[in-house]
Amino acid sequence: MDRTETGLANTDGEKFKTPLFNECPLKTQSKNDPPLLTIWAILDSLTLVVTVNKIFRVNSTPQKFICSWLLLLVVGCQYTFEGGNPPLPAEAATLSIAPIENQTFESDLETFVMQALSSRLRSNSAVRLRGGSERSDLLLRVRLAQLTRMNLDEPEALAVAQQLTLVGSAILEDQRTNKQLWEVSNLRVEVSTSRNDSSSSADLSGQRLSRGIQELTENFAEKIYSQIFYNF
């Protein structure tokens, strides 16, 4: 079979042609840009559908439909996996977290933040999290500066008990070059708790805490995670 007839003619090893996409690049953009990943995933998926249909000369409409959706599913899963596991900045492979400094009056708050942050990092298969005395490529330092509770028990807001605000900072250092990659001095998260949320119900590190503190620490950890992988 002539490769030109199938739409698979390849002259430079990097591009191919189809009736819908002329010279469409096969390689996707950087993993650090999720929106671009989505665009290229759709383009590559449609290109593969057209190409496979031409190769196998599928004439049946149901078969074409099944073939198309299977390809979209496979490619879509591939891009979801890559986008959900962004790599560390500066081409680093390992990361460690220094003991979190807690300057607030909330006991064990640093423990809750550490657990929430470690859980997010371990869920990323592109990251090797180091602990203890192990040396890593990158070192994350976190400081919890202030935790405030503002009572909102007013007639017009009977359903709300408190507004919790946590302010802190984070620094990411490259231990290979002894240089600081970035520093955020005003990390701030807020949550509002209802009367029913004030009771202890969540469990972190074997200790019970209010839903408000749980949500606050999880949001704080998520903000640091986003700073590491998406805002650098």
# chains A, B, ... in the order shown; residues from 1 in each chain; ligands from 1
call {"tool": "select_by_dssp", "arguments": {"residues": "segment 80-110 of chain A", "states": "strand (DSSP E or B)", "output": "list of chain:residue names"}}
result
A:Thr94, A:Leu95, A:Ser96, A:Ile97, A:Glu101, A:Asn102
call {"tool": "closest_residue", "arguments": {"among": "A:Glu190, A:Glu183, A:Glu215, A:Asp174", "to": "Ala90 of chain A", "atoms": "only C-alpha atoms"}}
result
A:Asp174
call {"tool": "closest_atom_pairs", "arguments": {"of": "segment 79-129 of chain A", "to": "segment 133-147 of chain A", "cutoff": "12 Å", "atoms": "only C-alpha atoms", "output": "Markdown table"}}
result
| residue | atom | partner | partner_atom | distance |
| --- | --- | --- | --- | --- |
| A:Leu88 | CA | A:Leu138 | CA | 8.7 |
| A:Pro89 | CA | A:Leu138 | CA | 9.0 |
| A:Ala90 | CA | A:Leu138 | CA | 9.1 |
| A:Glu91 | CA | A:Asp137 | CA | 9.2 |
| A:Ala92 | CA | A:Asp137 | CA | 5.8 |
| A:Ala93 | CA | A:Asp137 | CA | 6.6 |
| A:Thr94 | CA | A:Ser136 | CA | 5.2 |
| A:Leu95 | CA | A:Leu138 | CA | 4.8 |
| A:Ser96 | CA | A:Leu139 | CA | 5.1 |
| A:Ile97 | CA | A:Leu140 | CA | 4.8 |
| A:Ala98 | CA | A:Arg141 | CA | 5.3 |
| A:Pro99 | CA | A:Arg141 | CA | 7.4 |
| A:Ile100 | CA | A:Val142 | CA | 5.2 |
| A:Glu101 | CA | A:Arg143 | CA | 4.6 |
| A:Asn102 | CA | A:Leu144 | CA | 4.9 |
| A:Gln103 | CA | A:Ala145 | CA | 5.1 |
| A:Thr104 | CA | A:Gln146 | CA | 5.0 |
| A:Phe105 | CA | A:Leu147 | CA | 7.4 |
| A:Glu106 | CA | A:Leu147 | CA | 7.3 |
| A:Ser107 | CA | A:Leu147 | CA | 10.9 |
| A:Asp108 | CA | A:Leu144 | CA | 11.2 |
| A:Leu109 | CA | A:Leu144 | CA | 8.3 |
| A:Glu110 | CA | A:Leu144 | CA | 7.4 |
| A:Thr111 | CA | A:Leu144 | CA | 11.1 |
| A:Phe112 | CA | A:Leu144 | CA | 11.4 |
| A:Val113 | CA | A:Leu144 | CA | 9.2 |
| A:Met114 | CA | A:Val142 | CA | 9.1 |
| A:Leu117 | CA | A:Val142 | CA | 10.4 |
| A:Ser118 | CA | A:Leu140 | CA | 11.2 |
| A:Leu121 | CA | A:Leu140 | CA | 11.7 |
| A:Val127 | CA | A:Leu138 | CA | 10.8 |
| A:Arg128 | CA | A:Ser136 | CA | 8.9 |
| A:Leu129 | CA | A:Ser136 | CA | 8.3 |
call {"tool": "write_last_selection", "arguments": {"atoms": "N, CA and C atoms", "output": "short mmCIF file (atom, residue, chain, number, x, y, z; two decimals), in the first residue's frame"}}
result
data_model
loop_
_atom_site.label_atom_id
_atom_site.label_comp_id
_atom_site.auth_asym_id
_atom_site.auth_seq_id
_atom_site.Cartn_x
_atom_site.Cartn_y
_atom_site.Cartn_z
N LEU A 88 8.64 18.48 39.03
CA LEU A 88 9.19 19.54 39.88
C LEU A 88 9.90 20.58 39.02
N PRO A 89 9.98 21.82 39.49
CA PRO A 89 10.72 22.85 38.73
C PRO A 89 12.21 22.58 38.74
N ALA A 90 12.92 23.26 37.85
CA ALA A 90 14.38 23.18 37.74
C ALA A 90 14.87 21.77 37.48
N GLU A 91 14.02 20.95 36.81
CA GLU A 91 14.39 19.58 36.45
C GLU A 91 14.83 18.76 37.65
N ALA A 92 14.24 19.05 38.81
CA ALA A 92 14.56 18.31 40.03
C ALA A 92 13.77 17.01 40.07
N ALA A 93 14.31 16.04 40.80
CA ALA A 93 13.65 14.75 40.93
C ALA A 93 13.15 14.49 42.35
N THR A 94 13.79 15.08 43.34
CA THR A 94 13.44 14.81 44.73
C THR A 94 13.14 16.11 45.48
N LEU A 95 12.30 15.97 46.51
CA LEU A 95 11.90 17.13 47.32
C LEU A 95 11.78 16.70 48.77
N SER A 96 12.20 17.54 49.66
CA SER A 96 12.01 17.30 51.09
C SER A 96 11.40 18.54 51.73
N ILE A 97 10.70 18.33 52.86
CA ILE A 97 10.05 19.43 53.57
C ILE A 97 10.74 19.60 54.92
N ALA A 98 11.25 20.80 55.16
CA ALA A 98 11.87 21.09 56.45
C ALA A 98 10.78 21.13 57.52
N PRO A 99 11.14 20.88 58.78
CA PRO A 99 10.14 20.99 59.86
C PRO A 99 9.42 22.33 59.79
N ILE A 100 8.09 22.27 59.77
CA ILE A 100 7.29 23.49 59.62
C ILE A 100 7.34 24.32 60.90
N GLU A 101 7.57 25.60 60.74
CA GLU A 101 7.66 26.53 61.87
C GLU A 101 6.27 27.06 62.19
N ASN A 102 5.81 26.80 63.40
CA ASN A 102 4.48 27.23 63.81
C ASN A 102 4.58 28.36 64.82
N GLN A 103 4.23 29.57 64.39
CA GLN A 103 4.26 30.75 65.26
C GLN A 103 2.86 31.14 65.73
N THR A 104 1.87 30.31 65.43
CA THR A 104 0.50 30.58 65.87
C THR A 104 0.28 30.01 67.27
N PHE A 105 -0.91 30.27 67.82
CA PHE A 105 -1.25 29.73 69.13
C PHE A 105 -2.05 28.43 69.00
N GLU A 106 -2.16 27.89 67.78
CA GLU A 106 -2.91 26.65 67.55
C GLU A 106 -1.95 25.47 67.69
N SER A 107 -2.18 24.68 68.71
CA SER A 107 -1.30 23.54 68.97
C SER A 107 -1.39 22.51 67.85
N ASP A 108 -0.24 22.01 67.44
CA ASP A 108 -0.12 20.93 66.44
C ASP A 108 -0.57 21.36 65.04
N LEU A 109 -0.76 22.64 64.81
CA LEU A 109 -1.17 23.08 63.48
C LEU A 109 -0.13 22.70 62.43
N GLU A 110 1.15 22.78 62.78
CA GLU A 110 2.22 22.41 61.84
C GLU A 110 2.14 20.94 61.45
N THR A 111 1.68 20.09 62.38
CA THR A 111 1.54 18.66 62.08
C THR A 111 0.45 18.43 61.05
N PHE A 112 -0.66 19.14 61.18
CA PHE A 112 -1.77 18.99 60.25
C PHE A 112 -1.40 19.50 58.86
N VAL A 113 -0.69 20.62 58.80
CA VAL A 113 -0.27 21.16 57.51
C VAL A 113 0.74 20.22 56.85
N MET A 114 1.67 19.68 57.64
CA MET A 114 2.67 18.76 57.10
C MET A 114 2.02 17.52 56.51
N LEU A 117 0.15 18.44 53.23
CA LEU A 117 1.09 18.73 52.16
C LEU A 117 1.79 17.46 51.68
N SER A 118 2.22 16.62 52.61
CA SER A 118 2.89 15.36 52.24
C SER A 118 1.96 14.46 51.45
N LEU A 121 1.84 15.66 47.83
CA LEU A 121 3.08 15.40 47.12
C LEU A 121 3.25 13.91 46.81
N VAL A 127 7.11 12.88 41.62
CA VAL A 127 7.89 13.43 42.73
C VAL A 127 8.35 12.31 43.66
N ARG A 128 9.61 12.36 44.03
CA ARG A 128 10.13 11.47 45.08
C ARG A 128 10.33 12.31 46.33
N LEU A 129 9.48 12.05 47.33
CA LEU A 129 9.52 12.82 48.56
C LEU A 129 10.53 12.21 49.52
#
call {"tool": "closest_residue", "arguments": {"among": "A:Gln227, A:Gln180, A:Thr148, A:Thr193", "to": "Gln214 of chain A", "atoms": "only C-alpha atoms"}}
result
A:Thr193
call {"tool": "decode", "arguments": {"residues": "segment 79-184 of chain A", "atoms": "C-alpha atoms", "output": "PDB file, in the first residue's frame"}}
result
ATOM      1  CA  TYR A  79      -3.159  13.448  28.924  1.00  0.00           C
ATOM      2  CA  THR A  80      -5.071  13.324  32.199  1.00  0.00           C
ATOM      3  CA  PHE A  81      -2.307  11.205  33.720  1.00  0.00           C
ATOM      4  CA  GLU A  82       0.439  13.572  32.584  1.00  0.00           C
ATOM      5  CA  GLY A  83      -1.422  16.708  33.630  1.00  0.00           C
ATOM      6  CA  GLY A  84      -2.169  15.256  37.067  1.00  0.00           C
ATOM      7  CA  ASN A  85       1.499  14.534  37.760  1.00  0.00           C
ATOM      8  CA  PRO A  86       3.426  17.706  36.908  1.00  0.00           C
ATOM      9  CA  PRO A  87       7.216  17.554  37.335  1.00  0.00           C
ATOM     10  CA  LEU A  88       9.190  19.538  39.875  1.00  0.00           C
ATOM     11  CA  PRO A  89      10.716  22.847  38.734  1.00  0.00           C
ATOM     12  CA  ALA A  90      14.381  23.183  37.743  1.00  0.00           C
ATOM     13  CA  GLU A  91      14.386  19.581  36.447  1.00  0.00           C
ATOM     14  CA  ALA A  92      14.558  18.313  40.027  1.00  0.00           C
ATOM     15  CA  ALA A  93      13.649  14.751  40.929  1.00  0.00           C
ATOM     16  CA  THR A  94      13.437  14.812  44.730  1.00  0.00           C
ATOM     17  CA  LEU A  95      11.901  17.128  47.316  1.00  0.00           C
ATOM     18  CA  SER A  96      12.010  17.299  51.094  1.00  0.00           C
ATOM     19  CA  ILE A  97      10.053  19.427  53.575  1.00  0.00           C
ATOM     20  CA  ALA A  98      11.870  21.089  56.452  1.00  0.00           C
ATOM     21  CA  PRO A  99      10.144  20.987  59.857  1.00  0.00           C
ATOM     22  CA  ILE A 100       7.292  23.492  59.615  1.00  0.00           C
ATOM     23  CA  GLU A 101       7.661  26.528  61.870  1.00  0.00           C
ATOM     24  CA  ASN A 102       4.479  27.227  63.814  1.00  0.00           C
ATOM     25  CA  GLN A 103       4.258  30.750  65.256  1.00  0.00           C
ATOM     26  CA  THR A 104       0.503  30.583  65.869  1.00  0.00           C
ATOM     27  CA  PHE A 105      -1.253  29.727  69.134  1.00  0.00           C
ATOM     28  CA  GLU A 106      -2.905  26.655  67.554  1.00  0.00           C
ATOM     29  CA  SER A 107      -1.304  23.541  68.965  1.00  0.00           C
ATOM     30  CA  ASP A 108      -0.116  20.934  66.437  1.00  0.00           C
ATOM     31  CA  LEU A 109      -1.167  23.076  63.477  1.00  0.00           C
ATOM     32  CA  GLU A 110       2.216  22.414  61.841  1.00  0.00           C
ATOM     33  CA  THR A 111       1.537  18.663  62.084  1.00  0.00           C
ATOM     34  CA  PHE A 112      -1.774  18.991  60.252  1.00  0.00           C
ATOM     35  CA  VAL A 113      -0.269  21.162  57.510  1.00  0.00           C
ATOM     36  CA  MET A 114       2.672  18.763  57.102  1.00  0.00           C
ATOM     37  CA  GLN A 115       0.380  15.779  56.705  1.00  0.00           C
ATOM     38  CA  ALA A 116      -1.892  17.537  54.196  1.00  0.00           C
ATOM     39  CA  LEU A 117       1.089  18.729  52.156  1.00  0.00           C
ATOM     40  CA  SER A 118       2.887  15.359  52.244  1.00  0.00           C
ATOM     41  CA  SER A 119      -0.288  13.603  51.120  1.00  0.00           C
ATOM     42  CA  ARG A 120      -0.572  15.830  48.044  1.00  0.00           C
ATOM     43  CA  LEU A 121       3.082  15.396  47.118  1.00  0.00           C
ATOM     44  CA  ARG A 122       2.961  11.607  47.488  1.00  0.00           C
ATOM     45  CA  SER A 123      -0.032  11.459  45.157  1.00  0.00           C
ATOM     46  CA  ASN A 124       2.185  12.907  42.403  1.00  0.00           C
ATOM     47  CA  SER A 125       4.096  10.005  40.852  1.00  0.00           C
ATOM     48  CA  ALA A 126       6.594  12.430  39.288  1.00  0.00           C
ATOM     49  CA  VAL A 127       7.891  13.429  42.729  1.00  0.00           C
ATOM     50  CA  ARG A 128      10.129  11.474  45.075  1.00  0.00           C
ATOM     51  CA  LEU A 129       9.521  12.825  48.561  1.00  0.00           C
ATOM     52  CA  ARG A 130      12.535  12.553  50.863  1.00  0.00           C
ATOM     53  CA  GLY A 131      12.435  12.747  54.628  1.00  0.00           C
ATOM     54  CA  GLY A 132      14.678  12.795  57.645  1.00  0.00           C
ATOM     55  CA  SER A 133      18.366  13.278  56.950  1.00  0.00           C
ATOM     56  CA  GLU A 134      18.120  12.299  53.268  1.00  0.00           C
ATOM     57  CA  ARG A 135      19.396  15.018  50.969  1.00  0.00           C
ATOM     58  CA  SER A 136      17.094  16.087  48.156  1.00  0.00           C
ATOM     59  CA  ASP A 137      17.327  18.307  45.097  1.00  0.00           C
ATOM     60  CA  LEU A 138      14.803  20.795  46.468  1.00  0.00           C
ATOM     61  CA  LEU A 139      13.964  21.838  50.015  1.00  0.00           C
ATOM     62  CA  LEU A 140      10.635  23.401  50.975  1.00  0.00           C
ATOM     63  CA  ARG A 141      10.453  25.639  54.048  1.00  0.00           C
ATOM     64  CA  VAL A 142       7.053  26.619  55.460  1.00  0.00           C
ATOM     65  CA  ARG A 143       6.200  29.050  58.256  1.00  0.00           C
ATOM     66  CA  LEU A 144       2.769  29.479  59.846  1.00  0.00           C
ATOM     67  CA  ALA A 145       2.691  33.094  61.008  1.00  0.00           C
ATOM     68  CA  GLN A 146      -0.831  33.783  62.243  1.00  0.00           C
ATOM     69  CA  LEU A 147      -4.170  32.068  62.794  1.00  0.00           C
ATOM     70  CA  THR A 148      -7.136  34.312  63.567  1.00  0.00           C
ATOM     71  CA  ARG A 149     -10.712  33.477  64.515  1.00  0.00           C
ATOM     72  CA  MET A 150     -13.409  36.076  63.971  1.00  0.00           C
ATOM     73  CA  ASN A 151     -16.757  35.368  65.604  1.00  0.00           C
ATOM     74  CA  LEU A 152     -19.729  36.018  63.358  1.00  0.00           C
ATOM     75  CA  ASP A 153     -22.511  35.227  65.808  1.00  0.00           C
ATOM     76  CA  GLU A 154     -24.838  38.034  64.811  1.00  0.00           C
ATOM     77  CA  PRO A 155     -28.627  37.975  64.267  1.00  0.00           C
ATOM     78  CA  GLU A 156     -28.260  38.265  60.510  1.00  0.00           C
ATOM     79  CA  ALA A 157     -25.671  35.472  60.386  1.00  0.00           C
ATOM     80  CA  LEU A 158     -26.994  32.864  62.806  1.00  0.00           C
ATOM     81  CA  ALA A 159     -25.765  29.985  60.669  1.00  0.00           C
ATOM     82  CA  VAL A 160     -22.127  31.056  60.874  1.00  0.00           C
ATOM     83  CA  ALA A 161     -19.910  30.562  63.926  1.00  0.00           C
ATOM     84  CA  GLN A 162     -16.435  31.737  62.907  1.00  0.00           C
ATOM     85  CA  GLN A 163     -14.233  32.867  60.080  1.00  0.00           C
ATOM     86  CA  LEU A 164     -10.774  31.283  60.264  1.00  0.00           C
ATOM     87  CA  THR A 165      -7.783  32.890  58.567  1.00  0.00           C
ATOM     88  CA  LEU A 166      -4.326  31.367  58.259  1.00  0.00           C
ATOM     89  CA  VAL A 167      -1.368  33.426  57.058  1.00  0.00           C
ATOM     90  CA  GLY A 168       2.093  32.045  56.398  1.00  0.00           C
ATOM     91  CA  SER A 169       5.029  31.902  54.027  1.00  0.00           C
ATOM     92  CA  ALA A 170       6.924  29.367  51.938  1.00  0.00           C
ATOM     93  CA  ILE A 171      10.380  29.185  50.392  1.00  0.00           C
ATOM     94  CA  LEU A 172      11.660  26.680  47.825  1.00  0.00           C
ATOM     95  CA  GLU A 173      15.431  26.198  47.728  1.00  0.00           C
ATOM     96  CA  ASP A 174      17.570  24.328  45.217  1.00  0.00           C
ATOM     97  CA  GLN A 175      20.114  22.445  47.330  1.00  0.00           C
ATOM     98  CA  ARG A 176      22.170  21.516  44.275  1.00  0.00           C
ATOM     99  CA  THR A 177      23.044  25.155  43.612  1.00  0.00           C
ATOM    100  CA  ASN A 178      22.315  26.615  47.075  1.00  0.00           C
ATOM    101  CA  LYS A 179      19.964  29.129  45.464  1.00  0.00           C
ATOM    102  CA  GLN A 180      16.417  30.143  46.292  1.00  0.00           C
ATOM    103  CA  LEU A 181      13.940  29.405  43.503  1.00  0.00           C
ATOM    104  CA  TRP A 182      11.072  31.413  44.948  1.00  0.00           C
ATOM    105  CA  GLU A 183       9.602  32.869  48.124  1.00  0.00           C
ATOM    106  CA  VAL A 184       5.979  33.706  48.909  1.00  0.00           C
TER     107      VAL A 184
END
